[in-house]
Amino acid sequence: MTDVTPRTTALDAVHRALGATLTDFAGWSMPLRYGSERAEHQAVRSAAGLFDLSHMGELTVTGPQAGALLDHALVGRLSGLAVGRARYTMICDAAGGILDDLIVYRLADAEYLVVANAANAQTVLDALGARRGAFDAEVRDDRAAYALIAVQGPAASGILGRLTDADLAGLKYYAGLPGTVAGRRALIARTGYTGEDGFELFCAPADAEPLWQALTEAGRPDGLVPCGLACRDTLRLEAGMPLYGHELTTATTPFDAGLGRVVKLDKPGGFVGREALAAAAERAAAGPPRALVGLVARGRRVPRAGYAVVNAAGAPVGEVTSGAPSPTLERPIAMAYVDPEFAAPGTEGVCVDIRGSREPHDVVALPFYRRQK
């Protein structure tokens, strides 16, 4: 057996100095928590949290036909994206299965930044390379060129505003602009995975530690705390945001996941997986075989990924994809794919089989939590 040592981010020494509990995540040594994951979660909901996301995969696509290549390779229409804006999209295989969900930033007329999940970055890089064909465009692996820090929460704008003269007030959701933060160059993006307002800062690895320390100091009066992957997961779950490997897999299409809106079947030129996704769209219009729903436990036992969703008689009617205690709702919650007849909010008789015990759950619409505007 080969012992593969996890990669470390530019902030590894900072995490260790803060006493973080580290875990191997997608081949990276990442902070799971620094203390109480519940306290970290609540800090993001009430003030702000600071995250190291440097494990994410940054891929750059450049050239006169960069947009056309991405239109062909991904399910969205990226050539129509305005410079300075970002778009949530997906890359699918020929059968319509999801290889990864992505955020794509258009940095210039002929330059795009594709951000993939850490576990899928090589898969996405290989797929983009294979789909490049005769397009006048280049695909570059820039994972080593970036560190990524996120500040998320209602106080995020005020904290970041103390360190930059960038126009944060004018920066829209899913937009980004180049600027300086604490004297360090960064791409400042108003994106995130917590359900809160916030920013993601793409910077050079050498600038990551100074930026982290500057944000820590600027956010101290507001209650900003360092946050690990554990609370990132409960935050995104409350916000109803899908996670690759759970709600999204190669066995699901965007339409199965209720995200058919990201697929642009009418864009010119066709794209990889179009035929299969057109058929998936027709099936979804006629009534999908299963629907993604929210479940809130009536008891205290926590539903986990892979647990069966059953009816009152114990017959399987679905499967949990993600589950955890919700610090905001103060009850266990889950997302699950269920048969259509059990998908309507308020449906009675829905249970989760937790180690042989049928635990009653309420079916609710997603998301579980929506921030106040």
# chains A, B, ... in the order shown; residues from 1 in each chain; ligands from 1

call {"tool": "residues_around", "arguments": {"residues": "A:His361", "least_positions_apart": "2", "cutoff": "12 Å", "atoms": "only C-alpha atoms", "output": "number ranges by chain"}}
result
A: 293-303, 309-312, 320, 331-336, 342, 345-354, 358-359, 363-364

call {"tool": "closest_atom_pairs", "arguments": {"of": "stretch 176-251 of chain A", "to": "stretch 13-16 of chain A", "cutoff": "10 Å", "atoms": "only C-alpha atoms", "output": "Markdown table"}}
result
| residue | atom | partner | partner_atom | distance |
| --- | --- | --- | --- | --- |
| A:Glu209 | CA | A:Val14 | CA | 7.4 |
| A:Trp212 | CA | A:Val14 | CA | 8.8 |
| A:Gln213 | CA | A:Val14 | CA | 9.0 |
| A:Pro226 | CA | A:His15 | CA | 8.9 |
| A:Gly228 | CA | A:His15 | CA | 9.6 |

call {"tool": "write_last_selection", "arguments": {"atoms": "all heavy atoms", "output": "PDB file, in the first residue's frame"}}
result
ATOM      1  N   GLU A 209      -0.839  34.162   3.908  1.00  0.00           N
ATOM      2  CA  GLU A 209      -0.705  34.357   5.354  1.00  0.00           C
ATOM      3  C   GLU A 209      -0.849  35.827   5.749  1.00  0.00           C
ATOM      4  O   GLU A 209      -1.588  36.136   6.698  1.00  0.00           O
ATOM      5  CB  GLU A 209       0.620  33.777   5.853  1.00  0.00           C
ATOM      6  CG  GLU A 209       0.727  33.802   7.367  1.00  0.00           C
ATOM      7  CD  GLU A 209       1.891  32.993   7.905  1.00  0.00           C
ATOM      8  OE1 GLU A 209       2.365  32.085   7.192  1.00  0.00           O
ATOM      9  OE2 GLU A 209       2.312  33.264   9.044  1.00  0.00           O
ATOM     10  N   TRP A 212      -4.557  36.616   5.561  1.00  0.00           N
ATOM     11  CA  TRP A 212      -5.292  35.966   6.654  1.00  0.00           C
ATOM     12  C   TRP A 212      -5.122  36.755   7.947  1.00  0.00           C
ATOM     13  O   TRP A 212      -6.104  37.025   8.660  1.00  0.00           O
ATOM     14  CB  TRP A 212      -4.794  34.536   6.822  1.00  0.00           C
ATOM     15  CG  TRP A 212      -5.443  33.752   7.927  1.00  0.00           C
ATOM     16  CD1 TRP A 212      -5.155  33.806   9.261  1.00  0.00           C
ATOM     17  CD2 TRP A 212      -6.495  32.791   7.788  1.00  0.00           C
ATOM     18  NE1 TRP A 212      -5.949  32.937   9.969  1.00  0.00           N
ATOM     19  CE2 TRP A 212      -6.782  32.299   9.091  1.00  0.00           C
ATOM     20  CE3 TRP A 212      -7.210  32.278   6.707  1.00  0.00           C
ATOM     21  CZ2 TRP A 212      -7.752  31.322   9.323  1.00  0.00           C
ATOM     22  CZ3 TRP A 212      -8.178  31.303   6.933  1.00  0.00           C
ATOM     23  CH2 TRP A 212      -8.448  30.838   8.225  1.00  0.00           C
ATOM     24  N   GLN A 213      -3.905  37.143   8.245  1.00  0.00           N
ATOM     25  CA  GLN A 213      -3.645  37.875   9.479  1.00  0.00           C
ATOM     26  C   GLN A 213      -4.299  39.251   9.453  1.00  0.00           C
ATOM     27  O   GLN A 213      -4.850  39.706  10.466  1.00  0.00           O
ATOM     28  CB  GLN A 213      -2.136  38.003   9.706  1.00  0.00           C
ATOM     29  CG  GLN A 213      -1.387  36.673   9.825  1.00  0.00           C
ATOM     30  CD  GLN A 213      -1.809  35.825  11.022  1.00  0.00           C
ATOM     31  OE1 GLN A 213      -2.687  36.196  11.795  1.00  0.00           O
ATOM     32  NE2 GLN A 213      -1.181  34.662  11.168  1.00  0.00           N
ATOM     33  N   PRO A 226     -11.886  32.009  12.813  1.00  0.00           N
ATOM     34  CA  PRO A 226     -11.492  31.041  11.782  1.00  0.00           C
ATOM     35  C   PRO A 226     -12.466  29.876  11.779  1.00  0.00           C
ATOM     36  O   PRO A 226     -12.943  29.451  12.845  1.00  0.00           O
ATOM     37  CB  PRO A 226     -10.090  30.611  12.217  1.00  0.00           C
ATOM     38  CG  PRO A 226     -10.064  30.834  13.687  1.00  0.00           C
ATOM     39  CD  PRO A 226     -10.945  32.029  13.948  1.00  0.00           C
ATOM     40  N   GLY A 228     -13.638  25.949   9.973  1.00  0.00           N
ATOM     41  CA  GLY A 228     -13.185  24.767   9.259  1.00  0.00           C
ATOM     42  C   GLY A 228     -14.243  24.177   8.344  1.00  0.00           C
ATOM     43  O   GLY A 228     -15.348  24.705   8.182  1.00  0.00           O
TER      44      GLY A 228
END

call {"tool": "residues_around", "arguments": {"residues": "A:Pro367", "least_positions_apart": "2", "cutoff": "6 Å", "atoms": "only C-alpha atoms", "output": "PDB file with N, CA and C atoms, in the first residue's frame"}}
result
ATOM      1  N   ALA A 239     -28.398  26.084   3.802  1.00  0.00           N
ATOM      2  CA  ALA A 239     -28.711  26.929   2.654  1.00  0.00           C
ATOM      3  C   ALA A 239     -29.207  26.132   1.452  1.00  0.00           C
ATOM      4  N   GLY A 240     -29.303  24.804   1.590  1.00  0.00           N
ATOM      5  CA  GLY A 240     -29.817  23.964   0.513  1.00  0.00           C
ATOM      6  C   GLY A 240     -28.890  23.875  -0.679  1.00  0.00           C
ATOM      7  N   TYR A 369     -32.717  27.518   5.374  1.00  0.00           N
ATOM      8  CA  TYR A 369     -32.370  28.838   5.907  1.00  0.00           C
ATOM      9  C   TYR A 369     -32.144  29.794   4.767  1.00  0.00           C
TER      10      TYR A 369
END

call {"tool": "closest_residue", "arguments": {"among": "A:Ile188, A:Leu70, A:Ala308, A:Ala155", "to": "A:Asp167", "atoms": "only C-alpha atoms"}}
result
A:Ile188

call {"tool": "closest_residue", "arguments": {"among": "A:Val44, A:Phe51, A:Phe271, A:Arg370", "to": "A:Leu32", "atoms": "only C-alpha atoms"}}
result
A:Phe51

call {"tool": "select_by_dssp", "arguments": {"residues": "stretch 110-290 of chain A", "states": "strand (DSSP E or B)", "output": "ChimeraX atom specification"}}
result
/A:111-116,138-141,147-152,175-181,184-189,198-203,225-226,244,248

call {"tool": "atom_distance", "arguments": {"atom1": "atom CA of A:Ala279", "atom2": "atom CA of A:Ala343"}}
result
22.2 Å

call {"tool": "closest_residue", "arguments": {"among": "A:Leu69, A:Leu201, A:Val4, A:Ala218", "to": "A:Ile149", "atoms": "only C-alpha atoms"}}
result
A:Leu201

call {"tool": "closest_residue", "arguments": {"among": "A:His246, A:Ser46, A:Gly198, A:Leu163", "to": "A:Pro210", "atoms": "only C-alpha atoms"}}
result
A:Leu163

call {"tool": "select_by_dssp", "arguments": {"residues": "stretch 68-304 of chain A", "states": "helix (DSSP H, G or I)", "output": "PyMOL selection string"}}
result
chain A and resi 68-73+118-131+143-145+156-161+205-222+229-238+260-262+274-286

call {"tool": "atom_distance", "arguments": {"atom1": "atom CA of A:Tyr337", "atom2": "atom CA of A:Ala291"}}
result
5.2 Å

call {"tool": "residues_around", "arguments": {"residues": "A:Asp71", "least_positions_apart": "6", "cutoff": "8 Å", "atoms": "only C-alpha atoms", "output": "PDB file with all heavy atoms, in the first residue's frame"}}
result
ATOM      1  N   ARG A  77     -23.954  28.736 -20.996  1.00  0.00           N
ATOM      2  CA  ARG A  77     -23.460  29.572 -22.095  1.00  0.00           C
ATOM      3  C   ARG A  77     -22.504  30.603 -21.502  1.00  0.00           C
ATOM      4  O   ARG A  77     -22.913  31.676 -21.061  1.00  0.00           O
ATOM      5  CB  ARG A  77     -24.613  30.252 -22.832  1.00  0.00           C
ATOM      6  CG  ARG A  77     -24.149  31.032 -24.062  1.00  0.00           C
ATOM      7  CD  ARG A  77     -25.332  31.468 -24.928  1.00  0.00           C
ATOM      8  NE  ARG A  77     -24.846  32.205 -26.084  1.00  0.00           N
ATOM      9  CZ  ARG A  77     -24.758  33.535 -26.144  1.00  0.00           C
ATOM     10  NH1 ARG A  77     -25.147  34.268 -25.103  1.00  0.00           N
ATOM     11  NH2 ARG A  77     -24.283  34.119 -27.224  1.00  0.00           N
ATOM     12  N   LEU A  78     -21.235  30.286 -21.497  1.00  0.00           N
ATOM     13  CA  LEU A  78     -20.236  31.131 -20.856  1.00  0.00           C
ATOM     14  C   LEU A  78     -19.749  32.252 -21.770  1.00  0.00           C
ATOM     15  O   LEU A  78     -19.228  33.269 -21.286  1.00  0.00           O
ATOM     16  CB  LEU A  78     -19.055  30.288 -20.371  1.00  0.00           C
ATOM     17  CG  LEU A  78     -19.287  29.447 -19.101  1.00  0.00           C
ATOM     18  CD1 LEU A  78     -19.812  30.310 -17.960  1.00  0.00           C
ATOM     19  CD2 LEU A  78     -20.181  28.265 -19.332  1.00  0.00           C
ATOM     20  N   SER A  79     -19.905  32.075 -23.079  1.00  0.00           N
ATOM     21  CA  SER A  79     -19.473  33.127 -24.000  1.00  0.00           C
ATOM     22  C   SER A  79     -20.293  34.390 -23.830  1.00  0.00           C
ATOM     23  O   SER A  79     -19.852  35.475 -24.192  1.00  0.00           O
ATOM     24  CB  SER A  79     -19.564  32.640 -25.451  1.00  0.00           C
ATOM     25  OG  SER A  79     -20.914  32.332 -25.792  1.00  0.00           O
ATOM     26  N   LYS A 267     -28.364  26.837 -26.697  1.00  0.00           N
ATOM     27  CA  LYS A 267     -27.175  27.594 -27.116  1.00  0.00           C
ATOM     28  C   LYS A 267     -26.659  27.023 -28.436  1.00  0.00           C
ATOM     29  O   LYS A 267     -26.743  25.810 -28.682  1.00  0.00           O
ATOM     30  CB  LYS A 267     -26.102  27.583 -26.036  1.00  0.00           C
ATOM     31  CG  LYS A 267     -25.543  26.225 -25.656  1.00  0.00           C
ATOM     32  CD  LYS A 267     -24.473  26.364 -24.578  1.00  0.00           C
ATOM     33  CE  LYS A 267     -24.023  24.997 -24.069  1.00  0.00           C
ATOM     34  NZ  LYS A 267     -22.940  25.096 -23.082  1.00  0.00           N
ATOM     35  N   PHE A 271     -23.235  20.903 -27.342  1.00  0.00           N
ATOM     36  CA  PHE A 271     -22.251  20.741 -26.267  1.00  0.00           C
ATOM     37  C   PHE A 271     -22.244  19.290 -25.815  1.00  0.00           C
ATOM     38  O   PHE A 271     -23.176  18.530 -26.113  1.00  0.00           O
ATOM     39  CB  PHE A 271     -22.542  21.675 -25.090  1.00  0.00           C
ATOM     40  CG  PHE A 271     -23.904  21.486 -24.444  1.00  0.00           C
ATOM     41  CD1 PHE A 271     -24.065  20.674 -23.334  1.00  0.00           C
ATOM     42  CD2 PHE A 271     -25.019  22.137 -24.946  1.00  0.00           C
ATOM     43  CE1 PHE A 271     -25.299  20.500 -22.739  1.00  0.00           C
ATOM     44  CE2 PHE A 271     -26.269  21.979 -24.351  1.00  0.00           C
ATOM     45  CZ  PHE A 271     -26.409  21.150 -23.246  1.00  0.00           C
TER      46      PHE A 271
END

call {"tool": "residues_around", "arguments": {"residues": "A:Ala175", "least_positions_apart": "2", "cutoff": "6 Å", "atoms": "only C-alpha atoms", "output": "ChimeraX atom specification"}}
result
/A:84-86,172-173,189-190

call {"tool": "decode", "arguments": {"residues": "stretch 221-235 of chain A", "atoms": "N, CA, C and O atoms", "output": "PDB file, in the first residue's frame"}}
result
ATOM      1  N   PRO A 221     -12.983  43.106  16.051  1.00  0.00           N
ATOM      2  CA  PRO A 221     -14.071  43.818  16.742  1.00  0.00           C
ATOM      3  C   PRO A 221     -15.467  43.303  16.386  1.00  0.00           C
ATOM      4  O   PRO A 221     -16.418  43.494  17.161  1.00  0.00           O
ATOM      5  N   ASP A 222     -15.594  42.634  15.236  1.00  0.00           N
ATOM      6  CA  ASP A 222     -16.905  42.143  14.793  1.00  0.00           C
ATOM      7  C   ASP A 222     -17.193  40.719  15.221  1.00  0.00           C
ATOM      8  O   ASP A 222     -18.288  40.206  14.984  1.00  0.00           O
ATOM      9  N   GLY A 223     -16.199  40.057  15.800  1.00  0.00           N
ATOM     10  CA  GLY A 223     -16.404  38.667  16.208  1.00  0.00           C
ATOM     11  C   GLY A 223     -16.059  37.659  15.148  1.00  0.00           C
ATOM     12  O   GLY A 223     -16.508  36.503  15.210  1.00  0.00           O
ATOM     13  N   LEU A 224     -15.250  38.039  14.146  1.00  0.00           N
ATOM     14  CA  LEU A 224     -14.817  37.094  13.127  1.00  0.00           C
ATOM     15  C   LEU A 224     -13.983  35.992  13.757  1.00  0.00           C
ATOM     16  O   LEU A 224     -13.134  36.254  14.616  1.00  0.00           O
ATOM     17  N   VAL A 225     -14.219  34.740  13.315  1.00  0.00           N
ATOM     18  CA  VAL A 225     -13.451  33.608  13.828  1.00  0.00           C
ATOM     19  C   VAL A 225     -12.993  32.738  12.659  1.00  0.00           C
ATOM     20  O   VAL A 225     -13.632  32.714  11.605  1.00  0.00           O
ATOM     21  N   PRO A 226     -11.886  32.009  12.813  1.00  0.00           N
ATOM     22  CA  PRO A 226     -11.492  31.041  11.782  1.00  0.00           C
ATOM     23  C   PRO A 226     -12.466  29.876  11.779  1.00  0.00           C
ATOM     24  O   PRO A 226     -12.943  29.451  12.845  1.00  0.00           O
ATOM     25  N   CYS A 227     -12.768  29.362  10.601  1.00  0.00           N
ATOM     26  CA  CYS A 227     -13.787  28.314  10.461  1.00  0.00           C
ATOM     27  C   CYS A 227     -13.252  27.165   9.613  1.00  0.00           C
ATOM     28  O   CYS A 227     -12.510  27.386   8.643  1.00  0.00           O
ATOM     29  N   GLY A 228     -13.638  25.949   9.973  1.00  0.00           N
ATOM     30  CA  GLY A 228     -13.185  24.767   9.259  1.00  0.00           C
ATOM     31  C   GLY A 228     -14.243  24.177   8.344  1.00  0.00           C
ATOM     32  O   GLY A 228     -15.348  24.705   8.182  1.00  0.00           O
ATOM     33  N   LEU A 229     -13.898  23.033   7.768  1.00  0.00           N
ATOM     34  CA  LEU A 229     -14.784  22.384   6.796  1.00  0.00           C
ATOM     35  C   LEU A 229     -16.074  21.863   7.425  1.00  0.00           C
ATOM     36  O   LEU A 229     -17.096  21.758   6.751  1.00  0.00           O
ATOM     37  N   ALA A 230     -16.034  21.534   8.720  1.00  0.00           N
ATOM     38  CA  ALA A 230     -17.236  20.979   9.354  1.00  0.00           C
ATOM     39  C   ALA A 230     -18.371  21.984   9.337  1.00  0.00           C
ATOM     40  O   ALA A 230     -19.501  21.664   8.955  1.00  0.00           O
ATOM     41  N   CYS A 231     -18.099  23.228   9.738  1.00  0.00           N
ATOM     42  CA  CYS A 231     -19.190  24.208   9.742  1.00  0.00           C
ATOM     43  C   CYS A 231     -19.510  24.678   8.337  1.00  0.00           C
ATOM     44  O   CYS A 231     -20.639  25.058   8.046  1.00  0.00           O
ATOM     45  N   ARG A 232     -18.549  24.623   7.424  1.00  0.00           N
ATOM     46  CA  ARG A 232     -18.847  24.935   6.020  1.00  0.00           C
ATOM     47  C   ARG A 232     -19.912  23.980   5.487  1.00  0.00           C
ATOM     48  O   ARG A 232     -20.800  24.364   4.733  1.00  0.00           O
ATOM     49  N   ASP A 233     -19.838  22.721   5.931  1.00  0.00           N
ATOM     50  CA  ASP A 233     -20.815  21.737   5.472  1.00  0.00           C
ATOM     51  C   ASP A 233     -22.193  21.987   6.066  1.00  0.00           C
ATOM     52  O   ASP A 233     -23.208  21.904   5.366  1.00  0.00           O
ATOM     53  N   THR A 234     -22.274  22.311   7.364  1.00  0.00           N
ATOM     54  CA  THR A 234     -23.597  22.562   7.947  1.00  0.00           C
ATOM     55  C   THR A 234     -24.184  23.872   7.430  1.00  0.00           C
ATOM     56  O   THR A 234     -25.404  23.991   7.274  1.00  0.00           O
ATOM     57  N   LEU A 235     -23.340  24.847   7.136  1.00  0.00           N
ATOM     58  CA  LEU A 235     -23.825  26.112   6.574  1.00  0.00           C
ATOM     59  C   LEU A 235     -24.427  25.891   5.188  1.00  0.00           C
ATOM     60  O   LEU A 235     -25.525  26.366   4.893  1.00  0.00           O
TER      61      LEU A 235
END
